[in-house]
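Here's the structure we're looking at; comments come further down.
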Protein chains: 4
Amino acid sequence: MVVVMKPQASEDQKEHVRETIRAFGCKPRDIQGDEITIICLIGNTLSLEPEQFEILDGVDRVQRIQRPYKLVSREVQPHKTRFQVGNVTIGGDGITIIAGPCSVESYDQFVEAARHARAAGAHIIRGGAFKPRTSPYSFQGLGEEGLKIMARVSEETGLPTISEVMEPEMEPMVSEYVDMLQVGARNMQNYPLLNAVGQSSRPVMLKRGMSATIEEMLLAAEYILAGGNHNVVLCERGIRTFETWTRNTLDISAVPVLQKYTHLPVFIDPSHGTGNADFVGPASRAAVAVGADGLMIEMHPRPERALSDGDQSLTPEAFASLIPELQSVATAVNRTID
Amino acid sequence: MVVVMKPQASEDQKEHVRETIRAFGCKPRDIQGDEITIICLIGNTLSLEPEQFEILDGVDRVQRIQRPYKLVSREVQPHKTRFQVGNVTIGGDGITIIAGPCSVESYDQFVEAARHARAAGAHIIRGGAFKPRTSPYSFQGLGEEGLKIMARVSEETGLPTISEVMEPEMEPMVSEYVDMLQVGARNMQNYPLLNAVGQSSRPVMLKRGMSATIEEMLLAAEYILAGGNHNVVLCERGIRTFETWTRNTLDISAVPVLQKYTHLPVFIDPSHGTGNADFVGPASRAAVAVGADGLMIEMHPRPERALSDGDQSLTPEAFASLIPELQSVATAVNRTID
Amino acid sequence: MVVVMKPQASEDQKEHVRETIRAFGCKPRDIQGDEITIICLIGNTLSLEPEQFEILDGVDRVQRIQRPYKLVSREVQPHKTRFQVGNVTIGGDGITIIAGPCSVESYDQFVEAARHARAAGAHIIRGGAFKPRTSPYSFQGLGEEGLKIMARVSEETGLPTISEVMEPEMEPMVSEYVDMLQVGARNMQNYPLLNAVGQSSRPVMLKRGMSATIEEMLLAAEYILAGGNHNVVLCERGIRTFETWTRNTLDISAVPVLQKYTHLPVFIDPSHGTGNADFVGPASRAAVAVGADGLMIEMHPRPERALSDGDQSLTPEAFASLIPELQSVATAVNRTID
Amino acid sequence: MVVVMKPQASEDQKEHVRETIRAFGCKPRDIQGDEITIICLIGNTLSLEPEQFEILDGVDRVQRIQRPYKLVSREVQPHKTRFQVGNVTIGGDGITIIAGPCSVESYDQFVEAARHARAAGAHIIRGGAFKPRTSPYSFQGLGEEGLKIMARVSEETGLPTISEVMEPEMEPMVSEYVDMLQVGARNMQNYPLLNAVGQSSRPVMLKRGMSATIEEMLLAAEYILAGGNHNVVLCERGIRTFETWTRNTLDISAVPVLQKYTHLPVFIDPSHGTGNADFVGPASRAAVAVGADGLMIEMHPRPERALSDGDQSLTPEAFASLIPELQSVATAVNRTID
């Protein structure tokens, strides 16, 4: 952290900054420029915040130098994290394909979706039992009944499952029925929930918040790892911008940026990322080409009857014809989709 | 809702749209333009979503006409909602001033803050016991101990209290100790939490999410009212934009916009809105002038020793000198701060 | 500027950074932390850019310490800039009111607007002769004919005038007819235009670009001052965000932020800032309360027949009743509107 | 366009809306819902704007149905636009690669860049002679001298050239020296410039403005086509968001969205889109996979000595090794890079 003093800062003010730095267990070190003095903090600044120094008299502003996360960092663990969800390996050379409907609506709907997903080559089946919906008047999911359907269909098809957990107290129940937990975009900074999944034995997919920076996403993952759960996947799913012709703006560059700084696998959700089935194919090809470790794609047996997100769901046919395209792109970038 | 058909849409496709509309219990009505047909839905579309029609063949896009909320609307209740928090009236002609530290750090700190707040003319004392922090390495609040301090100080000073509740299960405990609940910005779309406070007997302050639209904020409030709790205040606290010289961008216009469409009182939090004590004074004056029904201002006995948000906290002296300024502006716009 | 080296950076890489710093005429100074080395640049870094160092081997990232502008800075000139537009003083204790229609449509329309503006107490009359319009099919302004109308009406009413200049070559013509030049939001980073108005003898109002940071706005003004023209006003007019219920998001905090760092007067345009006549009154009151040095308000004799921006234009009656409200708020914050 | 009346709108107010619609040459058509009336406009609304109706008494809001552009639309021209720049075809099955340094710095630098570009397989060489720079203290380009260097190097290497034109008056000069004109992001809504290049005989690359919506980009292109120049390429180069770890957020989905609505070829600039050489490779692969018709990549013989944008420039070696990767991805999506 560097503390930039105002040009007119007095020696007393500088000394007070130095004392404050020492009080936090760090060492101050001055740099005298032509017009201004900056005072650097040497030591562990992970638990310090710039505002603790910005408030001091004579300080112009404070800039963080050390990155504020640790466990998720490539510097702590250089190799990519790899783990199993059922018999599926996440974080290897192969690209993981997760597919399924936005919501679990019935056994018939979900088993049909799962069979199509498996036939086309998907590795994991997704489905929402607890749905966070913007309007209280929208379908809110089947709840535990939905989870039971998922467990049954998983057994019948052999596909591992992923579903969203929305509150800390529900973690044990959701973990009982499904193989992997999802923390949704609206809950990326729901810290009691992050703590709860941090103590779960299930792997976790953490979706990026609608207006979360990459740094905030890494810090949210840091909560989970700090809780003891190291099997975490980060999922870019579009961020909120001024553009309205797509539901969100898919931040494709977030993949190589994240992969540079963290060892956690990085997935892309092209369905929420674009919000429109017409654009899911191109966005999925881009996701594979950019180096994503996996994709999560919404697919519904009959999108026009879907109770949620129908417009961004692929039909089983569209999904089945997309997979070979993705395999070709994967080969072109020295990855595989098996 | 209006369904805009593609120019080349066939009569069959149009008929399928009309049938789908009827299947949802609405009536279709065609408008034949020079080049395109649009099909309007007549009836209650509150629980429908545009995507349910966008997915149909031959449809170009769908636009919502009816606003998607009901209970929070001025059309349902023309007069402004008014209620009591302890002996304080919210939603009347008087502007409510809430002040206090970001976090409750100790009895001594909090009682000192409360005494300063009361002396300067604040009506309600705020303090955080459970703190949502971006980093797991930052101070996370005193928990229940903090709430106990708040209850004791409230009794001693006569000031009602407000504090944040972060998870549904904590609602009963927080409600036991404090007079008003706060749902923080990161939890604006935490639906289990909205449901929980919707069933609380305590009034609720709902803070705007960092990237929440005004419509989404109204829908989040709709959850609380739908749960049975009508004593809700909306609080604008700055939104996330590309600008980095302020912590957030205070959306001052949100106040008259909200007041046009909803009967709920609208507050402003100039501390998070700007993120810097230097700008809290001007932003507070603007908040009063624009017509806000209340302000929530961070004030700390010794900001430079605050465990969180010190840089945006006013000193007791700065706070005490701000109040008469706000009273002058209030008088100028025919409001009062008593 | 500080160059943050990677933890594994070699001594050779550090030495190369130091050499590069010296090659640019600055002095390097190392700070050795527990894990990383940072190398500070001492000297004038105004013409350097972080990327010139980020590209070097072993460098993690580079942070600017010195602010990248000079002439517009409070440090260079502590007192607020004050100048005359006709007989009107800008930058004094009085708040300047500019009013008038978006576009000059005819002599009759403009003279009527000007008489209403003068009667209500406005100091300067605005009107667009060259209009930047998003669509090529929208009304593009009367051109030079519009400027002639402005000059004639100015003579008849005694009010100075302001109008937009859209290209460098038009500066002499626009300067011939009007008293103050406006650089529009879309042209805030049109550098040939900034250079042209920098050499004009007319004062300039620089409007903030739709997605311009405060720093970029100051740098755009720096172009004008560097050209020799020091009579510049900055105008906040709303920025582009995800919110769609207002045309733009008025960044009210930009006023005190700018006033802290620059000596240039800061105005607010509540008409573009909100995009809706219903919200112009509250936003104008907030602008005065926050400390703006002036306001630019769209007012049209018959908004419903306006050829552009009718929905955000006040009627003459609404404008006339707003002024006393603004005077009351001005008094409350120790300013005047004469 | 549909005009949504307020629930309490009177019959007189509705009739006034209908009259206004007729006065603009359109036909009104009522839709009577359960609670509200909406009045549709039938006819050509291209030159009308919603605000012309929003201002009328009794109107709640107005929504545009007809898209506001015409010449750029797929409906007007179903097949993709194809044209030549020198001997290079743009808009065919082949993907066009444009490469070169941000700025032309000298003959030696530029010819070296061009030779590397040609050797690696680039089709067109880029270089800036007039540079729009945020700071007046940054290198502003060599001006006409730079254009002369480009023309000479083009002759020597056989590569066609593209360079930015920053003001309308410079169009003839720039067109004299280079084969294709670029309108930069900061000038996307510089209408006099769009008019000037609309009358040029040179093809034009229009870069997306930093905060321009896709609709605004299409309307900017509409200006150029309306001027008579139909040889236009649209270039996505990243938009401004809250994310700061990349220079811009590359909106990869804009490619299929644009391709759905317009016949103009769509390019991607991964260099500005990410702002960092480390991410240019992955973003380029994604651009090819998503279906872009071309790429514009910054490449500099010695990035660390570049006078601008060095940190996002590839070395010749990195560029040369990227091309075969892009060719593999192109093959995988049934395109070619020859």
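Naming scheme: A, B, ... for chains in displayed order of the structure tokens; residues 1 onward per chain; ligands 1 onward as shown.
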
Output the contact residues of chain D with respect to chain A at a cut-off of 6 Å, based on only C-alpha atoms, as a JSON list (two decimals) with all heavy atoms, in the first residue's frame.
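Resulting contents of part_17.json:
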```json
[["chain", "number", "residue", "atom", "x", "y", "z"],
["D", 213, "THR", "N", -24.41, 2.19, -27.57],
["D", 213, "THR", "CA", -25.20, 0.99, -27.71],
["D", 213, "THR", "C", -25.06, 0.47, -29.14],
["D", 213, "THR", "O", -24.63, 1.18, -30.05],
["D", 213, "THR", "CB", -26.69, 1.27, -27.45],
["D", 213, "THR", "OG1", -27.15, 2.19, -28.44],
["D", 213, "THR", "CG2", -26.92, 1.86, -26.08],
["D", 243, "GLU", "N", -15.56, -2.64, -14.77],
["D", 243, "GLU", "CA", -14.40, -3.51, -14.61],
["D", 243, "GLU", "C", -13.12, -2.75, -14.95],
["D", 243, "GLU", "O", -13.05, -2.12, -15.99],
["D", 243, "GLU", "CB", -14.54, -4.75, -15.50],
["D", 243, "GLU", "CG", -13.36, -5.72, -15.43],
["D", 243, "GLU", "CD", -13.09, -6.21, -14.01],
["D", 243, "GLU", "OE1", -13.98, -6.81, -13.42],
["D", 243, "GLU", "OE2", -11.98, -5.96, -13.50],
["D", 282, "PRO", "N", -5.98, -14.97, -26.70],
["D", 282, "PRO", "CA", -7.28, -15.59, -26.40],
["D", 282, "PRO", "C", -8.46, -14.82, -26.98],
["D", 282, "PRO", "O", -9.39, -15.41, -27.54],
["D", 282, "PRO", "CB", -7.32, -15.58, -24.86],
["D", 282, "PRO", "CG", -5.89, -15.55, -24.42],
["D", 282, "PRO", "CD", -5.14, -14.81, -25.49],
["D", 285, "ARG", "N", -8.74, -15.49, -30.71],
["D", 285, "ARG", "CA", -9.31, -16.81, -31.00],
["D", 285, "ARG", "C", -10.83, -16.78, -30.80],
["D", 285, "ARG", "O", -11.59, -17.33, -31.60],
["D", 285, "ARG", "CB", -8.68, -17.86, -30.09],
["D", 285, "ARG", "CG", -7.22, -18.15, -30.42],
["D", 285, "ARG", "CD", -6.70, -19.40, -29.72],
["D", 285, "ARG", "NE", -6.67, -19.26, -28.28],
["D", 285, "ARG", "CZ", -5.63, -18.82, -27.57],
["D", 285, "ARG", "NH1", -4.49, -18.48, -28.18],
["D", 285, "ARG", "NH2", -5.69, -18.75, -26.26],
["D", 286, "ALA", "N", -11.26, -16.10, -29.73],
["D", 286, "ALA", "CA", -12.70, -15.99, -29.48],
["D", 286, "ALA", "C", -13.38, -15.21, -30.60],
["D", 286, "ALA", "O", -14.50, -15.55, -31.01],
["D", 286, "ALA", "CB", -12.95, -15.31, -28.13],
["D", 289, "ALA", "N", -13.88, -17.46, -33.49],
["D", 289, "ALA", "CA", -14.87, -18.49, -33.19],
["D", 289, "ALA", "C", -16.28, -17.92, -33.16],
["D", 289, "ALA", "O", -17.25, -18.60, -33.51],
["D", 289, "ALA", "CB", -14.55, -19.15, -31.84],
["D", 290, "VAL", "N", -16.42, -16.68, -32.75],
["D", 290, "VAL", "CA", -17.76, -16.11, -32.63],
["D", 290, "VAL", "C", -18.31, -15.71, -33.99],
["D", 290, "VAL", "O", -19.50, -15.46, -34.14],
["D", 290, "VAL", "CB", -17.76, -14.91, -31.64],
["D", 290, "VAL", "CG1", -17.49, -13.59, -32.36],
["D", 290, "VAL", "CG2", -19.10, -14.83, -30.88],
["D", 328, "SER", "N", -6.51, -22.29, -37.47],
["D", 328, "SER", "CA", -7.12, -23.54, -36.98],
["D", 328, "SER", "C", -8.55, -23.29, -36.50],
["D", 328, "SER", "O", -9.47, -24.05, -36.80],
["D", 328, "SER", "CB", -6.31, -24.12, -35.82],
["D", 328, "SER", "OG", -5.03, -24.50, -36.25],
["D", 329, "VAL", "N", -8.71, -22.23, -35.73],
["D", 329, "VAL", "CA", -10.06, -21.93, -35.24],
["D", 329, "VAL", "C", -10.98, -21.59, -36.42],
["D", 329, "VAL", "O", -12.14, -22.02, -36.46],
["D", 329, "VAL", "CB", -10.04, -20.77, -34.21],
["D", 329, "VAL", "CG1", -11.46, -20.45, -33.74],
["D", 329, "VAL", "CG2", -9.17, -21.14, -33.01],
["D", 332, "ALA", "N", -12.21, -24.61, -37.96],
["D", 332, "ALA", "CA", -13.20, -25.28, -37.11],
["D", 332, "ALA", "C", -14.58, -24.65, -37.24],
["D", 332, "ALA", "O", -15.60, -25.30, -36.97],
["D", 332, "ALA", "CB", -12.73, -25.23, -35.65]]
```

Selection near Val85 of chain C, 8 Å with only C-alpha atoms, sequence-local residues under 6 positions removed, as a list in words: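 With the cut-off at 8 Å, the set is Pro160, Asp179, Met180 and Pro203 of chain C.
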